[in-house]
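As provided, target.pdb (PDB, C-alpha atoms and all ligand atoms) reads as follows.
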```pdb
ATOM      1  CA  MET L  69      21.494  19.511  67.467
ATOM      2  CA  GLU L  70      24.527  21.393  68.645
ATOM      3  CA  TYR L  71      27.922  19.723  68.478
ATOM      4  CA  SER L  72      31.538  20.314  67.518
ATOM      5  CA  ILE L  73      34.320  17.952  66.429
ATOM      6  CA  ASP L  74      37.910  17.783  67.643
ATOM      7  CA  TYR L  75      40.489  15.607  65.898
ATOM      8  CA  PHE L  76      43.321  13.822  67.698
ATOM      9  CA  TYR L  77      46.203  11.930  66.097
ATOM     10  CA  HIS L  78      48.840   9.541  67.321
ATOM     11  CA  GLN L  79      51.535   7.676  65.422
ATOM     12  CA  ILE L  80      52.559   4.323  66.768
ATOM     13  CA  ASN L  81      55.050   1.721  65.699
ATOM     14  CA  ILE L  82      53.289  -1.490  64.636
ATOM     15  CA  ASN L  83      55.237  -3.521  67.213
ATOM     16  CA  GLN L  84      54.032  -1.254  70.024
ATOM     17  CA  LEU L  85      50.480  -1.469  68.725
ATOM     18  CA  LEU L  86      50.375  -5.238  69.141
ATOM     19  CA  LYS L  87      50.039  -4.886  72.914
ATOM     20  CA  TYR L  88      46.425  -3.823  72.226
ATOM     21  CA  TYR L  89      45.710  -6.916  70.131
ATOM     22  CA  ASN L  90      43.386  -9.389  71.793
ATOM     23  CA  LYS L  91      41.328 -11.113  69.150
ATOM     24  CA  GLU L  92      39.588 -13.613  71.470
ATOM     25  CA  GLU L  93      38.313 -10.944  73.838
ATOM     26  CA  VAL L  94      37.262  -8.498  71.104
ATOM     27  CA  PHE L  95      35.518 -11.111  68.976
ATOM     28  CA  LYS L  96      33.577 -12.243  72.042
ATOM     29  CA  LEU L  97      32.075  -8.729  72.171
ATOM     30  CA  CYS L  98      31.604  -8.678  68.390
ATOM     31  CA  ARG L  99      29.310 -11.695  68.650
ATOM     32  CA  GLU L 100      26.754  -9.446  70.369
ATOM     33  CA  CYS L 101      26.759  -6.943  67.483
ATOM     34  CA  ASN L 102      24.166  -6.986  64.683
ATOM     35  CA  ASN L 103      26.933  -6.994  62.075
ATOM     36  CA  TYR L 104      28.547 -10.192  63.333
ATOM     37  CA  ASN L 105      28.712 -12.649  60.440
ATOM     38  CA  LYS L 106      26.592 -10.235  58.349
ATOM     39  CA  ASN L 107      29.280  -7.936  56.953
ATOM     40  CA  TRP L 108      32.490  -8.962  55.176
ATOM     41  CA  SER L 109      34.466  -6.333  57.099
ATOM     42  CA  CYS L 110      33.452  -7.913  60.419
ATOM     43  CA  PRO L 111      34.233 -11.151  62.254
ATOM     44  CA  PRO L 112      34.280 -14.030  61.918
ATOM     45  CA  HIS L 113      37.100 -13.942  59.379
ATOM     46  CA  ASN L 114      40.471 -15.546  59.005
ATOM     47  CA  VAL L 115      42.605 -12.458  58.439
ATOM     48  CA  GLY L 116      46.029 -13.116  59.944
ATOM     49  CA  ILE L 117      47.027  -9.974  61.813
ATOM     50  CA  HIS L 118      50.759 -10.450  61.258
ATOM     51  CA  SER L 119      50.415 -10.903  57.508
ATOM     52  CA  PHE L 120      47.909  -8.015  57.289
ATOM     53  CA  LEU L 121      50.325  -5.659  59.060
ATOM     54  CA  SER L 122      53.493  -7.030  57.512
ATOM     55  CA  ASN L 123      53.685  -4.413  54.745
ATOM     56  CA  PHE L 124      53.577  -1.508  57.213
ATOM     57  CA  ASP L 125      55.752  -0.057  59.949
ATOM     58  CA  TYR L 126      53.484   2.612  61.444
ATOM     59  CA  MET L 127      49.891   3.177  62.301
ATOM     60  CA  HIS L 128      48.505   6.706  62.463
ATOM     61  CA  ILE L 129      45.489   6.496  64.720
ATOM     62  CA  ILE L 130      42.864   9.200  64.200
ATOM     63  CA  VAL L 131      40.102  10.027  66.659
ATOM     64  CA  ALA L 132      37.199  12.351  65.853
ATOM     65  CA  LYS L 133      35.613  13.448  69.130
ATOM     66  CA  ILE L 134      32.054  14.649  68.654
ATOM     67  CA  ASN L 135      31.344  16.984  71.565
ATOM     68  CA  LEU L 136      27.648  17.096  72.368
ATOM     69  CA  TYR L 137      26.146  20.201  73.980
ATOM     70  CA  ASN L 138      22.978  20.558  76.025
ATOM     71  CA  GLU L 139      21.886  17.038  75.236
ATOM     72  CA  ASN L 140      19.590  14.931  77.373
ATOM     73  CA  ILE L 141      18.103  11.492  77.124
ATOM     74  CA  ASN L 142      15.268  12.790  74.921
ATOM     75  CA  SER L 143      17.784  13.778  72.263
ATOM     76  CA  ASN L 144      19.198  10.278  71.816
ATOM     77  CA  ASP L 145      17.521   9.812  68.419
ATOM     78  CA  SER L 146      19.003  13.009  67.033
ATOM     79  CA  ILE L 147      22.398  12.166  68.618
ATOM     80  CA  LEU L 148      22.345   8.833  66.783
ATOM     81  CA  GLU L 149      21.321  10.514  63.533
ATOM     82  CA  SER L 150      24.195  13.022  63.779
ATOM     83  CA  PHE L 151      26.636  10.289  64.761
ATOM     84  CA  ILE L 152      25.754   8.254  61.654
ATOM     85  CA  ILE L 153      26.247  11.329  59.436
ATOM     86  CA  GLU L 154      29.600  12.115  61.056
ATOM     87  CA  ARG L 155      30.780   8.513  60.832
ATOM     88  CA  LYS L 156      30.031   8.504  57.097
ATOM     89  CA  ASN L 157      31.903  11.793  56.699
ATOM     90  CA  PHE L 158      34.864  10.520  58.769
ATOM     91  CA  ASN L 159      35.108   7.337  56.707
ATOM     92  CA  ASN L 160      34.789   9.248  53.417
ATOM     93  CA  ASN L 161      37.778  11.345  54.481
ATOM     94  CA  LEU L 162      39.730   8.168  55.184
ATOM     95  CA  TYR L 163      38.794   6.774  51.764
ATOM     96  CA  ASN L 164      40.139   9.987  50.191
ATOM     97  CA  ILE L 165      43.448   9.400  52.001
ATOM     98  CA  PHE L 166      43.498   5.836  50.677
ATOM     99  CA  ARG L 167      42.791   6.888  47.074
ATOM    100  CA  ASP L 168      45.380   9.679  47.070
ATOM    101  CA  ASN L 169      48.245   7.813  48.710
ATOM    102  CA  ILE L 170      49.613   4.622  47.266
ATOM    103  CA  ASN L 171      51.275   2.261  49.740
ATOM    104  CA  CYS L 172      48.870   3.289  52.500
ATOM    105  CA  GLU L 173      46.035   1.275  53.960
ATOM    106  CA  ILE L 174      43.160   2.573  56.052
ATOM    107  CA  LEU L 175      41.040   1.226  58.865
ATOM    108  CA  ILE L 176      37.602   2.785  59.024
ATOM    109  CA  SER L 177      35.228   3.478  61.902
ATOM    110  CA  GLY L 178      32.610   0.728  62.224
ATOM    111  CA  ALA L 179      31.539  -1.769  59.586
ATOM    112  CA  CYS L 180      31.822  -1.307  55.829
ATOM    113  CA  ASP L 181      28.679   0.392  54.511
ATOM    114  CA  LYS L 182      29.534   0.659  50.828
ATOM    115  CA  CYS L 183      26.407  -1.333  49.888
ATOM    116  CA  ASN L 184      22.886  -0.822  51.201
ATOM    117  CA  LEU L 185      22.951  -4.426  52.348
ATOM    118  CA  CYS L 186      26.237  -6.275  52.601
ATOM    119  CA  ASN L 187      26.473  -9.289  50.308
ATOM    120  CA  ARG L 188      27.404 -11.424  53.294
ATOM    121  CA  VAL L 189      23.775 -11.325  54.415
ATOM    122  CA  LYS L 190      22.935 -13.157  51.170
ATOM    123  CA  ASN L 191      26.036 -15.342  51.450
ATOM    124  CA  ILE L 192      27.521 -13.804  48.299
ATOM    125  CA  LYS L 193      31.159 -12.754  48.140
ATOM    126  CA  CYS L 194      32.141  -9.084  48.255
ATOM    127  CA  PHE L 195      32.762  -7.722  44.753
ATOM    128  CA  ASN L 196      34.373  -4.570  46.090
ATOM    129  CA  ARG L 197      37.334  -5.884  48.073
ATOM    130  CA  THR L 198      39.453  -2.800  47.320
ATOM    131  CA  GLU L 199      36.972  -0.548  49.092
ATOM    132  CA  CYS L 200      35.948  -2.972  51.796
ATOM    133  CA  LYS L 201      37.994  -1.881  54.820
ATOM    134  CA  PHE L 202      38.396  -3.337  58.277
ATOM    135  CA  SER L 203      38.213  -1.385  61.499
ATOM    136  CA  LEU L 204      40.654  -1.607  64.396
ATOM    137  CA  GLU L 205      38.146  -3.662  66.386
ATOM    138  CA  SER L 206      37.233  -5.971  63.504
ATOM    139  CA  LEU L 207      40.911  -6.921  63.301
ATOM    140  CA  GLY L 208      40.920  -7.706  67.040
ATOM    141  CA  PHE L 209      42.348  -4.552  68.636
ATOM    142  CA  ARG L 210      41.086  -3.302  72.021
ATOM    143  CA  VAL L 211      39.948   0.146  70.908
ATOM    144  CA  ASP L 212      38.720   0.966  74.425
ATOM    145  CA  GLU L 213      42.274   0.523  75.734
ATOM    146  CA  ILE L 214      43.793   2.480  72.845
ATOM    147  CA  VAL L 215      41.589   5.544  73.418
ATOM    148  CA  LYS L 216      42.051   5.345  77.192
ATOM    149  CA  GLU L 217      45.825   4.930  77.280
ATOM    150  CA  ILE L 218      46.834   7.018  74.279
ATOM    151  CA  PHE L 219      44.125   9.686  74.062
ATOM    152  CA  LYS L 220      42.898   9.747  77.700
ATOM    153  CA  LEU L 221      39.322   9.344  76.437
ATOM    154  CA  GLU L 222      36.674   6.704  76.941
ATOM    155  CA  ILE L 223      34.180   5.031  74.660
ATOM    156  CA  MET L 224      30.681   6.303  75.430
ATOM    157  CA  TRP L 225      27.441   4.771  74.240
ATOM    158  CA  ILE L 226      23.987   6.024  73.420
ATOM    159  CA  ASN L 227      21.681   4.262  75.872
ATOM    160  CA  ASN L 228      18.359   4.744  77.575
ATOM    161  CA  LYS L 229      19.824   5.881  80.890
ATOM    162  CA  SER L 230      21.645   9.078  79.971
ATOM    163  CA  ALA L 231      22.915  11.107  77.026
ATOM    164  CA  PRO L 232      26.646  10.750  76.283
ATOM    165  CA  LYS L 233      28.895  13.805  76.674
ATOM    166  CA  TYR L 234      30.746  12.866  73.530
ATOM    167  CA  LEU L 235      31.033  10.129  70.926
ATOM    168  CA  LEU L 236      34.115   8.906  69.090
ATOM    169  CA  ASN L 237      34.917   7.810  65.589
ATOM    170  CA  ILE L 238      38.239   5.995  65.450
ATOM    171  CA  GLY L 239      40.156   5.122  62.307
ATOM    172  CA  ALA L 240      43.740   4.685  61.192
ATOM    173  CA  VAL L 241      46.189   4.974  58.330
ATOM    174  CA  LEU L 242      48.900   2.341  57.918
ATOM    175  CA  SER L 243      52.139   3.286  56.229
ATOM    176  CA  THR L 244      55.800   2.437  55.884
ATOM    177  CA  LYS L 245      56.914   5.948  56.861
ATOM    178  CA  LEU L 246      56.335   8.396  59.676
ATOM    179  CA  ASN L 247      54.149  11.401  58.733
ATOM    180  CA  PRO L 248      53.530  10.300  55.134
ATOM    181  CA  ILE L 249      50.397  12.419  54.822
ATOM    182  CA  ASN L 250      49.213  15.739  56.146
ATOM    183  CA  LEU L 251      46.112  14.338  57.816
ATOM    184  CA  GLU L 252      44.694  17.783  58.538
ATOM    185  CA  ASP L 253      44.281  18.323  54.796
ATOM    186  CA  TYR L 254      41.747  15.496  54.759
ATOM    187  CA  LEU L 255      39.838  15.765  58.009
ATOM    188  CA  HIS L 256      37.025  18.274  58.093
TER     189      HIS L 256
HETATM  190  S1  LIG L 301      31.640  -3.479  49.791
HETATM  191 FE1  LIG L 301      29.514  -4.159  50.107
HETATM  192  S2  LIG L 301      29.639  -6.418  50.042
HETATM  193 FE2  LIG L 301      31.716  -5.639  50.373
HETATM  194  S3  LIG L 301      31.971  -5.626  52.617
HETATM  195 FE3  LIG L 301      31.283  -3.586  52.004
HETATM  196  S4  LIG L 301      29.042  -3.651  52.271
HETATM  197 FE4  LIG L 301      29.776  -5.786  52.187
END
```

Translate this file's structure into structure tokens.
Ligand code: SF4
Amino acid sequence: MEYSIDYFYHQININQLLKYYNKEEVFKLCRECNNYNKNWSCPPHNVGIHSFLSNFDYMHIIVAKINLYNENINSNDSILESFIIERKNFNNNLYNIFRDNINCEILISGACDKCNLCNRVKNIKCFNRTECKFSLESLGFRVDEIVKEIFKLEIMWINNKSAPKYLLNIGAVLSTKLNPINLEDYLH
């Protein structure tokens, strides 16, 4: 499968970010996802957004745009396969940022996949809370609005009607300073 990846970045003050917060609406959509109530990084949870963000002043939103070439509906399986590989790679890069930079927090793309099967499925607590990371959507942010307004992109889906032109992985780094990290050193 032929594809390329472009990275886009945007730094936003936490106060400005809160206009994209709409927990009720986002969690309504989350209820239709297979991970709902089956992964400790996903809803339902009782994380208070204000206390979660209180240690940070800025969010550095990162978008990896996977440009798909010459794809058609028959390639949807291989598109999905490549997307899963690229999501893993994207999140691994974010974890490297987290490990190298104290005082930063990360938000990954999608649900935590550190274990083959999340302990929540077995109703056991997560024993890896340091590595279990939330995503923007699992905290209640309207990611569709963020990518549209800030990056002029839209969320596309793999479905049985047409092949998407591109797919997005969206993550973020939270910090107390502007430009604390050279993100380009980590994203490849
Ligand atoms: S680290 Fe494992 S148990 Fe914890 S949230 Fe991630 S997948 Fe679930």

Within-9 Å residues of ligand LIG 301 (chain L), basis only C-alpha atoms and all ligand atoms, as an MDAnalysis selection string: chainID L and resid 106:110 179:189 192:202

Point-to-point distance in Å for atom CA of L:Ile165 and atom CA of L:Leu97: 29.4 Å

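Between atom CA of L:Tyr71 and atom CA of L:Ile134 the separation is 6.5 Å.
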
I want to know what sits within 9 Å of stretch 145-148 of chain L, based on all atoms listed in the file, with residues of the same chain fewer than 2 positions away left out; could you give that as a CSV table (one decimal) with C-alpha atoms, keeping the file's coordinate frame?
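Saved to selection-v9.csv:
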```csv
chain,number,residue,atom,x,y,z
L,69,MET,CA,21.5,19.5,67.5
L,136,LEU,CA,27.6,17.1,72.4
L,139,GLU,CA,21.9,17.0,75.2
L,141,ILE,CA,18.1,11.5,77.1
L,142,ASN,CA,15.3,12.8,74.9
L,143,SER,CA,17.8,13.8,72.3
L,150,SER,CA,24.2,13.0,63.8
L,151,PHE,CA,26.6,10.3,64.8
L,152,ILE,CA,25.8,8.3,61.7
L,153,ILE,CA,26.2,11.3,59.4
L,226,ILE,CA,24.0,6.0,73.4
L,231,ALA,CA,22.9,11.1,77.0
L,232,PRO,CA,26.6,10.8,76.3
```

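Interatomic distance, atom CA of L:Leu242 to atom CA of L:Asp125: 7.5 Å.
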
Select from stretch 131-199 of chain L every residue with an atom at most 12 Å from any atom of stretch 212-220 of chain L, then for each give the shortest pair of atoms and their distance in Å to one decimal, using all atoms listed in the file, rows by chain and rising number, as CSV.
```
residue,atom,partner,partner_atom,distance
L:Val131,CA,L:Val215,CA,8.2
L:Ala132,CA,L:Phe219,CA,11.1
L:Lys133,CA,L:Phe219,CA,10.5
```

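Remark: for L:Leu221, the closest of the candidate residues L:Ile249, L:Ile238, L:Ile174, L:Ile82 is L:Ile238 (distances computed over only C-alpha atoms).
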
Closest of L:Ser203, L:Arg155, L:Gln79, L:Lys233 to L:Lys245 - atom-to-atom distances counting only C-alpha atoms: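 Closest residue, counting only C-alpha atoms: L:Gln79.
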
Taking all atoms of stretch 111-126 of chain L that the file lists, what box with edges along x, y and z, padded by 4 Å per side, do you get, with centre and edge lengths in Å to one decimal, as AutoDock Vina command-line options?
```
--center_x 45.0 --center_y -6.5 --center_z 58.5 --size_x 29.5 --size_y 26.2 --size_z 15.5
```
